[in-house]
file model_1.cif (mmCIF, C-alpha atoms and all ligand atoms)
data_input
loop_
_atom_site.label_atom_id
_atom_site.label_comp_id
_atom_site.auth_asym_id
_atom_site.auth_seq_id
_atom_site.Cartn_x
_atom_site.Cartn_y
_atom_site.Cartn_z
CA MET A 1 14.79 15.92 -2.15
CA ARG A 2 15.59 14.06 1.06
CA ILE A 3 14.44 10.48 1.22
CA ALA A 4 14.37 8.17 4.23
CA ILE A 5 15.11 4.57 3.29
CA LEU A 6 13.70 1.98 5.68
CA PRO A 7 14.49 -1.51 4.33
CA GLY A 8 12.95 -3.41 7.25
CA ASP A 9 12.95 -7.21 7.42
CA GLY A 10 12.87 -10.36 5.33
CA VAL A 11 13.06 -9.56 1.63
CA GLY A 12 12.84 -5.83 2.48
CA PRO A 13 16.58 -5.07 2.23
CA GLU A 14 17.05 -6.83 -1.14
CA ILE A 15 14.03 -5.29 -2.86
CA VAL A 16 14.76 -1.82 -1.48
CA ALA A 17 18.35 -2.16 -2.74
CA GLN A 18 16.97 -2.46 -6.29
CA ALA A 19 14.82 0.65 -5.86
CA VAL A 20 17.87 2.51 -4.53
CA ARG A 21 19.72 1.58 -7.74
CA VAL A 22 16.96 3.39 -9.62
CA LEU A 23 17.51 6.44 -7.40
CA GLU A 24 21.25 6.21 -8.11
CA VAL A 25 20.65 6.39 -11.85
CA LEU A 26 18.54 9.53 -11.36
CA ARG A 27 21.14 11.10 -9.09
CA GLU A 28 23.94 10.36 -11.59
CA GLU A 29 21.89 12.23 -14.17
CA GLY A 30 21.95 15.29 -11.94
CA LEU A 31 18.77 15.05 -9.88
CA THR A 32 19.36 16.56 -6.42
CA LEU A 33 18.48 13.53 -4.39
CA THR A 34 19.89 12.44 -1.03
CA TRP A 35 18.95 9.53 1.15
CA GLN A 36 19.75 7.97 4.46
CA THR A 37 18.93 4.51 5.79
CA GLU A 38 17.61 3.52 9.24
CA PRO A 39 16.36 0.21 10.66
CA MET A 40 12.69 -0.41 11.24
CA GLY A 41 10.46 -3.32 12.26
CA GLY A 42 12.34 -6.39 13.44
CA ALA A 43 15.59 -4.77 12.32
CA GLY A 44 14.75 -1.79 14.56
CA TYR A 45 14.10 -4.15 17.45
CA ASP A 46 17.42 -5.92 16.84
CA ALA A 47 19.34 -2.64 16.62
CA ALA A 48 17.64 -0.58 19.30
CA GLY A 49 15.04 -2.73 21.10
CA ASP A 50 12.22 -0.84 19.38
CA PRO A 51 10.41 -1.58 16.07
CA LEU A 52 10.39 2.18 15.42
CA PRO A 53 13.60 3.51 17.00
CA PRO A 54 13.59 7.25 17.79
CA ALA A 55 16.34 7.89 15.20
CA THR A 56 14.22 6.19 12.52
CA LEU A 57 11.16 8.27 13.33
CA ALA A 58 13.28 11.44 13.45
CA LEU A 59 14.73 10.69 10.00
CA ALA A 60 11.24 10.01 8.61
CA GLN A 61 9.99 13.29 10.06
CA ALA A 62 12.90 15.25 8.60
CA SER A 63 12.60 13.73 5.10
CA ASP A 64 10.43 14.72 2.14
CA ALA A 65 9.38 11.13 1.54
CA ILE A 66 9.96 7.66 2.95
CA LEU A 67 10.67 4.51 0.98
CA MET A 68 10.07 1.33 2.93
CA GLY A 69 10.55 -2.38 2.27
CA ALA A 70 8.56 -4.67 4.53
CA VAL A 71 8.48 -5.63 8.19
CA GLY A 72 7.93 -8.80 10.19
CA GLY A 73 9.19 -12.34 10.50
CA PRO A 74 8.76 -15.51 12.54
CA LYS A 75 11.75 -14.55 14.67
CA TYR A 76 9.68 -11.75 16.19
CA ASP A 77 6.33 -13.55 16.55
CA ALA A 78 6.77 -14.31 20.24
CA LEU A 79 7.55 -10.72 21.24
CA PRO A 80 4.97 -8.72 23.23
CA ARG A 81 2.68 -6.76 20.93
CA ASP A 82 4.36 -3.36 21.43
CA LYS A 83 7.74 -4.77 20.35
CA ARG A 84 6.48 -6.54 17.25
CA PRO A 85 7.62 -5.30 13.83
CA GLU A 86 4.05 -4.48 12.71
CA GLN A 87 3.76 -1.99 15.57
CA GLY A 88 6.62 -0.01 14.07
CA LEU A 89 4.64 0.34 10.86
CA LEU A 90 1.39 1.25 12.62
CA ARG A 91 3.21 3.81 14.78
CA ILE A 92 4.96 5.54 11.89
CA ARG A 93 1.63 5.79 10.02
CA LYS A 94 0.02 7.35 13.10
CA ALA A 95 2.95 9.60 14.07
CA LEU A 96 3.13 11.10 10.58
CA SER A 97 -0.69 11.22 10.13
CA LEU A 98 -0.48 9.13 6.96
CA PHE A 99 -4.23 8.65 6.78
CA ALA A 100 -4.65 8.13 3.04
CA ASN A 101 -3.41 4.83 1.68
CA LEU A 102 -3.53 4.52 -2.10
CA ARG A 103 -3.30 0.98 -3.42
CA PRO A 104 -3.63 0.73 -7.18
CA ALA A 105 -4.39 -2.68 -8.66
CA LEU A 106 -3.29 -2.41 -12.24
CA LEU A 107 -2.91 -5.36 -14.56
CA TYR A 108 -0.03 -5.06 -16.99
CA PRO A 109 -1.15 -6.70 -20.25
CA GLU A 110 2.00 -8.83 -20.25
CA LEU A 111 0.87 -10.43 -16.97
CA ALA A 112 -2.71 -11.32 -17.92
CA ALA A 113 -1.82 -15.01 -17.72
CA ALA A 114 -0.41 -14.65 -14.19
CA SER A 115 -3.74 -13.50 -12.76
CA SER A 116 -5.83 -16.05 -10.90
CA LEU A 117 -8.84 -14.96 -12.98
CA LYS A 118 -9.48 -15.56 -16.68
CA PRO A 119 -7.65 -13.05 -18.89
CA GLU A 120 -10.96 -11.62 -20.21
CA ALA A 121 -12.12 -10.87 -16.66
CA VAL A 122 -9.00 -8.88 -15.82
CA SER A 123 -7.56 -7.50 -19.05
CA GLY A 124 -7.47 -3.73 -18.76
CA LEU A 125 -8.05 -3.88 -15.01
CA ASP A 126 -7.27 -0.57 -13.31
CA ILE A 127 -8.68 -0.16 -9.79
CA LEU A 128 -7.55 2.24 -7.09
CA ILE A 129 -8.26 1.27 -3.51
CA VAL A 130 -8.23 4.24 -1.14
CA ARG A 131 -7.87 2.82 2.35
CA GLU A 132 -8.13 4.90 5.52
CA LEU A 133 -4.96 4.18 7.49
CA THR A 134 -4.89 5.84 10.91
CA GLY A 135 -8.26 4.98 12.44
CA ASP A 136 -10.77 2.15 12.78
CA ILE A 137 -10.37 -1.00 14.84
CA TYR A 138 -6.60 -0.82 14.27
CA PHE A 139 -6.23 2.08 16.69
CA GLY A 140 -9.51 2.16 18.63
CA GLN A 141 -9.52 2.26 22.42
CA PRO A 142 -10.34 0.50 24.64
CA ARG A 143 -8.70 -2.71 23.57
CA GLY A 144 -7.06 -5.54 25.39
CA ARG A 145 -7.83 -8.69 27.31
CA ARG A 146 -9.89 -9.19 30.41
CA ARG A 147 -12.01 -11.66 32.34
CA ASN A 148 -15.69 -11.50 31.56
CA ALA A 149 -18.53 -11.95 34.04
CA GLN A 150 -18.33 -15.74 33.62
CA GLY A 151 -14.64 -15.63 34.53
CA ASP A 152 -13.57 -16.50 30.98
CA GLU A 153 -10.65 -14.68 29.41
CA GLU A 154 -11.70 -12.54 26.44
CA GLY A 155 -10.06 -10.19 23.95
CA PHE A 156 -11.65 -6.99 22.66
CA ASP A 157 -10.99 -4.18 20.19
CA THR A 158 -12.99 -1.07 19.37
CA MET A 159 -14.03 0.09 15.91
CA HIS A 160 -14.71 3.77 15.49
CA TYR A 161 -14.66 6.60 12.97
CA SER A 162 -15.50 10.25 13.48
CA VAL A 163 -17.26 12.26 10.79
CA PRO A 164 -14.14 14.39 10.01
CA GLU A 165 -12.05 11.23 9.64
CA VAL A 166 -14.56 9.81 7.14
CA GLN A 167 -14.82 13.11 5.30
CA ARG A 168 -11.08 13.52 4.77
CA ILE A 169 -10.59 10.01 3.36
CA ALA A 170 -13.77 10.23 1.27
CA ARG A 171 -12.47 13.49 -0.17
CA VAL A 172 -9.29 11.69 -1.27
CA GLY A 173 -11.52 9.09 -2.92
CA PHE A 174 -13.69 11.64 -4.71
CA GLU A 175 -10.67 13.65 -5.89
CA ALA A 176 -8.96 10.51 -7.19
CA ALA A 177 -12.13 9.41 -9.00
CA ARG A 178 -12.37 12.83 -10.60
CA LYS A 179 -8.94 12.31 -12.19
CA ARG A 180 -9.86 8.80 -13.41
CA GLY A 181 -13.16 7.16 -14.36
CA ARG A 182 -15.36 9.39 -12.13
CA ARG A 183 -16.84 6.45 -10.24
CA LEU A 184 -16.42 5.97 -6.49
CA CYS A 185 -17.61 2.92 -4.58
CA SER A 186 -17.67 3.30 -0.80
CA VAL A 187 -17.37 -0.04 0.99
CA ASP A 188 -18.78 -0.58 4.49
CA LYS A 189 -20.83 -2.95 6.62
CA ALA A 190 -23.76 -0.62 7.23
CA ASN A 191 -26.20 -3.52 7.55
CA VAL A 192 -24.52 -4.45 10.85
CA LEU A 193 -22.15 -1.80 12.24
CA ASP A 194 -23.00 1.61 13.67
CA THR A 195 -19.57 2.83 12.59
CA SER A 196 -20.49 1.94 9.02
CA ILE A 197 -23.90 3.64 9.17
CA LEU A 198 -22.14 6.87 10.15
CA TRP A 199 -19.50 6.25 7.45
CA ARG A 200 -22.17 5.86 4.78
CA GLU A 201 -24.04 9.01 5.89
CA ALA A 202 -20.86 11.10 5.89
CA VAL A 203 -19.77 9.88 2.44
CA THR A 204 -23.27 10.46 1.03
CA ALA A 205 -23.37 14.01 2.42
CA LEU A 206 -19.98 14.83 0.87
CA ALA A 207 -21.10 13.56 -2.54
CA LYS A 208 -23.03 16.83 -3.00
CA GLU A 209 -19.68 18.55 -3.53
CA TYR A 210 -18.79 16.08 -6.29
CA PRO A 211 -21.80 15.96 -8.64
CA ASP A 212 -19.47 14.87 -11.45
CA VAL A 213 -18.53 11.66 -9.59
CA GLU A 214 -20.96 8.74 -9.51
CA LEU A 215 -21.08 7.41 -5.94
CA SER A 216 -22.21 3.90 -5.03
CA HIS A 217 -22.15 1.96 -1.76
CA MET A 218 -21.40 -1.71 -1.26
CA TYR A 219 -21.25 -4.03 1.74
CA VAL A 220 -17.77 -5.40 2.29
CA ASP A 221 -18.76 -9.06 1.89
CA ASN A 222 -20.36 -8.29 -1.46
CA ALA A 223 -17.34 -6.21 -2.47
CA ALA A 224 -15.05 -9.16 -1.72
CA MET A 225 -17.22 -11.28 -4.00
CA GLN A 226 -17.58 -8.67 -6.77
CA LEU A 227 -13.80 -8.23 -6.89
CA VAL A 228 -13.38 -11.80 -8.08
CA ARG A 229 -16.63 -11.96 -10.05
CA ASN A 230 -16.36 -8.80 -12.13
CA PRO A 231 -13.48 -6.60 -10.94
CA LYS A 232 -13.65 -4.23 -13.89
CA GLN A 233 -16.91 -2.74 -12.53
CA PHE A 234 -14.74 -0.78 -10.06
CA ASP A 235 -12.89 2.46 -10.63
CA VAL A 236 -12.04 3.88 -7.17
CA ILE A 237 -12.96 2.10 -3.94
CA VAL A 238 -12.87 4.02 -0.66
CA THR A 239 -13.05 2.13 2.60
CA GLY A 240 -11.90 1.91 6.21
CA ASN A 241 -8.64 0.58 7.57
CA MET A 242 -9.57 -3.04 8.19
CA PHE A 243 -11.79 -3.62 5.15
CA GLY A 244 -9.14 -1.93 2.99
CA ASP A 245 -6.42 -4.16 4.39
CA ILE A 246 -8.33 -7.26 3.34
CA LEU A 247 -9.72 -6.06 0.00
CA SER A 248 -6.34 -4.74 -1.17
CA ASP A 249 -4.68 -8.12 -0.65
CA GLU A 250 -7.53 -9.72 -2.57
CA ALA A 251 -7.28 -7.18 -5.40
CA SER A 252 -3.54 -7.74 -5.69
CA MET A 253 -4.06 -11.27 -6.96
CA LEU A 254 -6.16 -9.93 -9.83
CA ALA A 255 -3.07 -8.07 -10.99
CA GLY A 256 -1.08 -11.26 -11.28
CA SER A 257 0.96 -11.11 -8.12
CA ILE A 258 1.12 -9.28 -4.86
CA GLY A 259 4.76 -8.76 -5.87
CA MET A 260 3.65 -6.15 -8.43
CA LEU A 261 1.67 -3.71 -6.32
CA PRO A 262 3.03 -0.47 -4.89
CA SER A 263 1.35 1.79 -2.37
CA ALA A 264 1.44 5.32 -1.06
CA SER A 265 0.44 6.45 2.42
CA LEU A 266 -0.08 10.19 2.46
CA ASP A 267 -0.68 12.94 4.98
CA ALA A 268 -2.83 16.00 4.32
CA ALA A 269 0.11 17.84 2.73
CA GLY A 270 1.11 15.03 0.38
CA LYS A 271 4.15 13.84 2.30
CA GLY A 272 4.19 10.10 2.16
CA LEU A 273 5.53 6.70 2.93
CA TYR A 274 5.87 4.36 -0.04
CA GLU A 275 6.00 0.60 0.25
CA PRO A 276 5.11 -2.52 -1.69
CA ILE A 277 1.85 -3.94 -0.40
CA HIS A 278 3.37 -7.39 0.05
CA GLY A 279 4.99 -8.48 3.28
CA SER A 280 8.50 -9.51 4.26
CA ALA A 281 8.23 -13.05 2.78
CA PRO A 282 10.68 -14.62 5.27
CA ASP A 283 10.47 -17.95 3.40
CA ILE A 284 12.38 -16.52 0.43
CA ALA A 285 14.42 -13.81 2.19
CA GLY A 286 18.08 -13.57 1.20
CA GLN A 287 17.68 -15.95 -1.75
CA ASP A 288 17.55 -13.41 -4.58
CA LYS A 289 14.02 -14.58 -5.46
CA ALA A 290 11.75 -11.69 -4.45
CA ASN A 291 10.14 -9.47 -7.07
CA PRO A 292 11.52 -5.92 -6.65
CA LEU A 293 9.01 -4.34 -9.04
CA ALA A 294 6.42 -3.39 -6.39
CA THR A 295 9.13 -1.47 -4.54
CA ILE A 296 10.45 0.16 -7.71
CA LEU A 297 6.86 1.12 -8.60
CA SER A 298 6.49 2.50 -5.06
CA ALA A 299 9.48 4.75 -5.78
CA ALA A 300 7.64 5.88 -8.93
CA MET A 301 4.59 6.78 -6.82
CA MET A 302 6.91 8.71 -4.50
CA PHE A 303 8.04 10.93 -7.37
CA ARG A 304 4.43 11.43 -8.43
CA TYR A 305 2.79 12.21 -5.08
CA SER A 306 5.47 13.63 -2.77
CA LEU A 307 8.25 14.95 -4.97
CA ALA A 308 6.14 16.61 -7.69
CA ARG A 309 7.99 14.82 -10.50
CA ALA A 310 5.28 12.97 -12.41
CA ASP A 311 7.66 12.91 -15.38
CA ILE A 312 10.12 10.74 -13.44
CA ALA A 313 7.28 8.54 -12.17
CA ASP A 314 6.14 7.98 -15.76
CA ARG A 315 9.67 7.15 -16.80
CA ILE A 316 10.14 4.54 -14.04
CA GLU A 317 6.76 2.99 -14.85
CA ARG A 318 7.69 2.86 -18.54
CA ALA A 319 10.95 1.11 -17.66
CA VAL A 320 9.02 -1.50 -15.65
CA ARG A 321 6.58 -2.06 -18.51
CA GLY A 322 9.57 -2.37 -20.82
CA VAL A 323 11.20 -5.17 -18.80
CA LEU A 324 7.90 -7.03 -18.60
CA ALA A 325 7.57 -6.72 -22.37
CA GLN A 326 11.10 -8.14 -22.73
CA GLY A 327 9.84 -11.21 -20.86
CA GLN A 328 11.77 -10.65 -17.62
CA ARG A 329 9.95 -12.59 -14.89
CA THR A 330 10.66 -13.28 -11.24
CA GLY A 331 9.19 -16.54 -9.94
CA ASP A 332 5.92 -15.01 -8.71
CA ILE A 333 4.93 -13.74 -12.17
CA ALA A 334 6.50 -16.46 -14.32
CA GLY A 335 4.44 -18.81 -16.45
CA PRO A 336 5.45 -22.46 -16.91
CA ARG A 337 7.58 -21.65 -19.96
CA ASP A 338 9.22 -18.44 -18.72
CA LYS A 339 12.83 -18.20 -17.70
CA VAL A 340 12.94 -16.97 -14.10
CA VAL A 341 15.28 -14.15 -13.13
CA GLY A 342 16.36 -13.17 -9.63
CA THR A 343 15.82 -9.98 -7.67
CA ARG A 344 19.14 -8.47 -8.67
CA ALA A 345 18.79 -9.38 -12.37
CA MET A 346 15.33 -7.82 -12.43
CA GLY A 347 16.91 -4.68 -10.93
CA ASP A 348 19.61 -4.80 -13.64
CA ALA A 349 16.92 -4.93 -16.32
CA VAL A 350 15.02 -1.95 -14.89
CA VAL A 351 18.21 0.09 -14.54
CA ALA A 352 19.16 -0.69 -18.15
CA ALA A 353 15.67 0.23 -19.41
CA LEU A 354 15.78 3.45 -17.43
CA ARG A 355 19.16 4.42 -18.88
CA GLN A 356 17.79 3.98 -22.39
CA ARG A 357 15.06 6.55 -21.60
C1 LIG B 1 -0.61 -3.79 5.28
C2 LIG B 1 -0.18 -4.80 6.31
C3 LIG B 1 -0.19 -4.13 7.68
C4 LIG B 1 -1.62 -3.71 7.96
C5 LIG B 1 0.39 -4.97 8.83
C6 LIG B 1 1.79 -5.45 8.53
C7 LIG B 1 0.37 -4.21 10.13
O1 LIG B 1 -0.98 -5.94 6.27
O2 LIG B 1 0.07 -2.75 5.15
O3 LIG B 1 -1.60 -4.04 4.62
O4 LIG B 1 -2.42 -4.52 8.46
O5 LIG B 1 -1.95 -2.56 7.69
MG MG B 2 -2.34 -5.95 4.67
#

call {"tool": "encode", "arguments": {"input": "model_1.cif", "output": "structure tokens"}}
result
Amino acid sequence: MRIAILPGDGVGPEIVAQAVRVLEVLREEGLTLTWQTEPMGGAGYDAAGDPLPPATLALAQASDAILMGAVGGPKYDALPRDKRPEQGLLRIRKALSLFANLRPALLYPELAAASSLKPEAVSGLDILIVRELTGDIYFGQPRGRRRNAQGDEEGFDTMHYSVPEVQRIARVGFEAARKRGRRLCSVDKANVLDTSILWREAVTALAKEYPDVELSHMYVDNAAMQLVRNPKQFDVIVTGNMFGDILSDEASMLAGSIGMLPSASLDAAGKGLYEPIHGSAPDIAGQDKANPLATILSAAMMFRYSLARADIADRIERAVRGVLAQGQRTGDIAGPRDKVVGTRAMGDAVVAALRQR
């Protein structure tokens, strides 16, 4: 198993370091695991003038799976768009055809008090957001800036989806629902957008192949509201790139903290890039404050989806649940009376729990 490690920027290096300690434990036990690290995002720009340096992309292409931290930071905000850290992430997703982004929002019972909603609204919460990741307004052409007929400067982007693009992500949604609660909610804006009307038609047509899954449709504005009103009504949500970006950040707060949520971005063959859904948090970078659990849980997803070792994924997830049960809390998930531990100490606790089996 060859893994590409891309720590990125901000808190990325320190949280990825804790996930690498988990890999080290597994390797010591005899798992045939190798990894190599390359810079990406702002770190890629600093090292090679490119947020996705050729050597980084080559390593990602040659690996079985990719474990990433986060990219971005104020230092890079003034760069032209093609040099910005976020472009490195968008390019690697596109170059590797990582079209299926799985973002589970799972509330650990120990963290019910950390959620922004009342414990009864979120206890037992277990939602999977399936976000399309290589299309939509993120990649649509034409885009840019121009002068309009009045001589005013304007910016423009293009939203589009083809039927095959909708079908392949909807299929991921239906298959995931089949393995869970058998309910799929497709989120769109079909009351306004032509792209969404086509999306809804394509998803509806595919539903014939999945009679065992109950399909519903919801407008994105309503979905944003329902997520905070009654989130437990959802099992699997499937949606486009932009709506999924927004709804997954919203859903993360239901689970207590964005610092808890892992993600997988998969191609058609199951190769994937794994990253916490939170960003690079430059305000706390280098201070041993960031929560490494989302990254460690991303490594668990990597074993489940790309490395065919669901047993190891289960074991890592059990270790994380164990440290939460012990009361270990980084600042983002701590209650007023909890003792706060740092990034490294949280890593220590996970490593110790993992060693105990
Ligand atoms: C995410 C992030 C990215 C996105 C940014 C950093 C480009 O917000 O992974 O959700 O918009 O997809
Ligand atoms: Mg986002």

call {"tool": "residues_near_ligand", "arguments": {"input": "model_1.cif", "ligand": "ligand LIG 1 (chain B)", "cutoff": "9 Å", "atoms": "all atoms listed in the file", "output": "ChimeraX atom specification"}}
result
/A:70-72,85-90,133,138,241-242,244-246,248-249,263,275-280

call {"tool": "closest_residue", "arguments": {"input": "model_1.cif", "among": "A:Met346, A:Leu184, A:Ala190, A:Ala268", "to": "A:Asn101", "atoms": "only C-alpha atoms"}}
result
A:Ala268

call {"tool": "residues_around", "arguments": {"input": "model_1.cif", "residues": "A:Asp235", "least_positions_apart": "5", "cutoff": "12 Å", "atoms": "all atoms listed in the file", "output": "list in words"}}
result
Pro104, Ala105, Leu106, Gly124, Leu125, Asp126, Ile127, Leu128, Ile129, Val130, Gly173, Phe174, Ala176, Ala177, Arg178, Lys179, Arg180, Gly181, Arg182, Arg183, Leu184, Cys185, Ser186, Val213, Glu214, Leu215, Ser216, Leu227 and Asn230 of chain A

call {"tool": "atom_distance", "arguments": {"input": "model_1.cif", "atom1": "atom CA of A:Thr195", "atom2": "atom CA of A:Arg146"}}
result
23.6 Å

call {"tool": "closest_residue", "arguments": {"input": "model_1.cif", "among": "A:Arg103, A:Pro119, A:Arg91, A:Leu193", "to": "ligand MG 2 (chain B)", "atoms": "all atoms listed in the file"}}
result
A:Arg103

call {"tool": "residues_around", "arguments": {"input": "model_1.cif", "residues": "A:Lys339", "least_positions_apart": "2", "cutoff": "10 Å", "atoms": "all atoms listed in the file", "output": "count of residues only"}}
result
10

call {"tool": "atom_distance", "arguments": {"input": "model_1.cif", "atom1": "atom CA of A:Gly144", "atom2": "atom CA of A:Lys94"}}
result
19.2 Å

call {"tool": "atom_distance", "arguments": {"input": "model_1.cif", "atom1": "atom CA of A:Thr295", "atom2": "atom CA of A:Asp221"}}
result
29.6 Å

call {"tool": "residues_around", "arguments": {"input": "model_1.cif", "residues": "A:Glu317", "least_positions_apart": "5", "cutoff": "10 Å", "atoms": "all atoms listed in the file", "output": "PyMOL selection string"}}
result
chain A and resi 293+296-301+311-312+322+350+354

call {"tool": "write_last_selection", "arguments": {"input": "model_1.cif", "atoms": "C-alpha atoms", "output": "mmCIF file, in the coordinates of the input"}}
result
data_model
loop_
_atom_site.group_PDB
_atom_site.id
_atom_site.type_symbol
_atom_site.label_atom_id
_atom_site.label_comp_id
_atom_site.auth_asym_id
_atom_site.auth_seq_id
_atom_site.Cartn_x
_atom_site.Cartn_y
_atom_site.Cartn_z
ATOM 1 C CA LEU A 293 9.010 -4.340 -9.040
ATOM 2 C CA ILE A 296 10.450 0.160 -7.710
ATOM 3 C CA LEU A 297 6.860 1.120 -8.600
ATOM 4 C CA SER A 298 6.490 2.500 -5.060
ATOM 5 C CA ALA A 299 9.480 4.750 -5.780
ATOM 6 C CA ALA A 300 7.640 5.880 -8.930
ATOM 7 C CA MET A 301 4.590 6.780 -6.820
ATOM 8 C CA ASP A 311 7.660 12.910 -15.380
ATOM 9 C CA ILE A 312 10.120 10.740 -13.440
ATOM 10 C CA GLY A 322 9.570 -2.370 -20.820
ATOM 11 C CA VAL A 350 15.020 -1.950 -14.890
ATOM 12 C CA LEU A 354 15.780 3.450 -17.430
#

call {"tool": "axis_aligned_box", "arguments": {"input": "model_1.cif", "around": "stretch 170-178 of chain A", "padding_each_side": "8 Å", "output": "AutoDock Vina command-line options"}}
result
--center_x -11.4 --center_y 11.4 --center_z -4.7 --size_x 20.8 --size_y 20.6 --size_z 27.9

call {"tool": "closest_residue", "arguments": {"input": "model_1.cif", "among": "A:Asp77, A:Glu28, A:Glu165, A:Glu250", "to": "ligand MG 2 (chain B)", "atoms": "all atoms listed in the file"}}
result
A:Glu250

call {"tool": "closest_residue", "arguments": {"input": "model_1.cif", "among": "A:Arg171, A:Arg357, A:Arg81, A:Lys232", "to": "A:Ala121", "atoms": "only C-alpha atoms"}}
result
A:Lys232

call {"tool": "closest_residue", "arguments": {"input": "model_1.cif", "among": "A:Arg143, A:Lys118, A:Arg168, A:Lys75", "to": "A:Phe99", "atoms": "all atoms listed in the file"}}
result
A:Arg168

call {"tool": "residues_around", "arguments": {"input": "model_1.cif", "residues": "A:Gln356", "least_positions_apart": "6", "cutoff": "12 Å", "atoms": "all atoms listed in the file", "output": "short mmCIF file (atom, residue, chain, number, x, y, z; two decimals) with C-alpha atoms, keeping the file's coordinate frame"}}
result
data_model
loop_
_atom_site.label_atom_id
_atom_site.label_comp_id
_atom_site.auth_asym_id
_atom_site.auth_seq_id
_atom_site.Cartn_x
_atom_site.Cartn_y
_atom_site.Cartn_z
CA VAL A 25 20.65 6.39 -11.85
CA ARG A 315 9.67 7.15 -16.80
CA ILE A 316 10.14 4.54 -14.04
CA ARG A 318 7.69 2.86 -18.54
CA ALA A 319 10.95 1.11 -17.66
CA GLY A 322 9.57 -2.37 -20.82
CA VAL A 323 11.20 -5.17 -18.80
CA ALA A 349 16.92 -4.93 -16.32
CA VAL A 350 15.02 -1.95 -14.89
#

call {"tool": "residues_near_point", "arguments": {"input": "model_1.cif", "point": "(-11.2, -7.5, 26.1)", "cutoff": "8 Å", "atoms": "all atoms listed in the file", "output": "list in words"}}
result
Arg143, Gly144, Arg145, Arg146, Arg147, Glu153, Glu154, Gly155, Phe156 and Asp157 of chain A

call {"tool": "closest_residue", "arguments": {"input": "model_1.cif", "among": "A:Met225, A:Ala352, A:Ala62, A:Ile333", "to": "A:Met260", "atoms": "only C-alpha atoms"}}
result
A:Ile333

call {"tool": "residues_around", "arguments": {"input": "model_1.cif", "residues": "A:Ala269", "least_positions_apart": "3", "cutoff": "9 Å", "atoms": "only C-alpha atoms", "output": "mmCIF file with C-alpha atoms, in the frame of the given file"}}
result
data_model
loop_
_atom_site.group_PDB
_atom_site.id
_atom_site.type_symbol
_atom_site.label_atom_id
_atom_site.label_comp_id
_atom_site.auth_asym_id
_atom_site.auth_seq_id
_atom_site.Cartn_x
_atom_site.Cartn_y
_atom_site.Cartn_z
ATOM 1 C CA LEU A 266 -0.080 10.190 2.460
ATOM 2 C CA GLY A 272 4.190 10.100 2.160
ATOM 3 C CA SER A 306 5.470 13.630 -2.770
#

call {"tool": "decode", "arguments": {"input": "model_1.cif", "residues": "stretch 14-26 of chain A", "atoms": "N, CA and C atoms", "output": "tab-separated table (two decimals), in the first residue's frame"}}
result
chain	number	residue	atom	x	y	z
A	14	GLU	N	0.54	19.72	11.15
A	14	GLU	CA	0.46	19.16	12.51
A	14	GLU	C	-0.65	18.11	12.66
A	15	ILE	N	-1.75	18.29	11.95
A	15	ILE	CA	-2.81	17.26	12.06
A	15	ILE	C	-2.43	16.01	11.25
A	16	VAL	N	-1.80	16.22	10.10
A	16	VAL	CA	-1.38	15.07	9.29
A	16	VAL	C	-0.31	14.27	10.05
A	17	ALA	N	0.55	14.98	10.79
A	17	ALA	CA	1.59	14.28	11.57
A	17	ALA	C	0.95	13.28	12.54
A	18	GLN	N	-0.20	13.64	13.11
A	18	GLN	CA	-0.85	12.72	14.06
A	18	GLN	C	-1.43	11.51	13.33
A	19	ALA	N	-1.96	11.74	12.12
A	19	ALA	CA	-2.48	10.60	11.34
A	19	ALA	C	-1.33	9.69	10.90
A	20	VAL	N	-0.17	10.28	10.61
A	20	VAL	CA	0.99	9.47	10.22
A	20	VAL	C	1.45	8.61	11.40
A	21	ARG	N	1.30	9.11	12.61
A	21	ARG	CA	1.65	8.28	13.78
A	21	ARG	C	0.76	7.04	13.85
A	22	VAL	N	-0.49	7.20	13.46
A	22	VAL	CA	-1.39	6.04	13.39
A	22	VAL	C	-0.88	5.04	12.35
A	23	LEU	N	-0.45	5.57	11.19
A	23	LEU	CA	0.10	4.68	10.15
A	23	LEU	C	1.35	3.96	10.66
A	24	GLU	N	2.16	4.69	11.45
A	24	GLU	CA	3.39	4.09	11.98
A	24	GLU	C	3.09	2.90	12.88
A	25	VAL	N	2.05	3.04	13.71
A	25	VAL	CA	1.67	1.93	14.59
A	25	VAL	C	1.30	0.72	13.74
A	26	LEU	N	0.54	0.95	12.68
A	26	LEU	CA	0.10	-0.17	11.83
A	26	LEU	C	1.29	-0.80	11.11
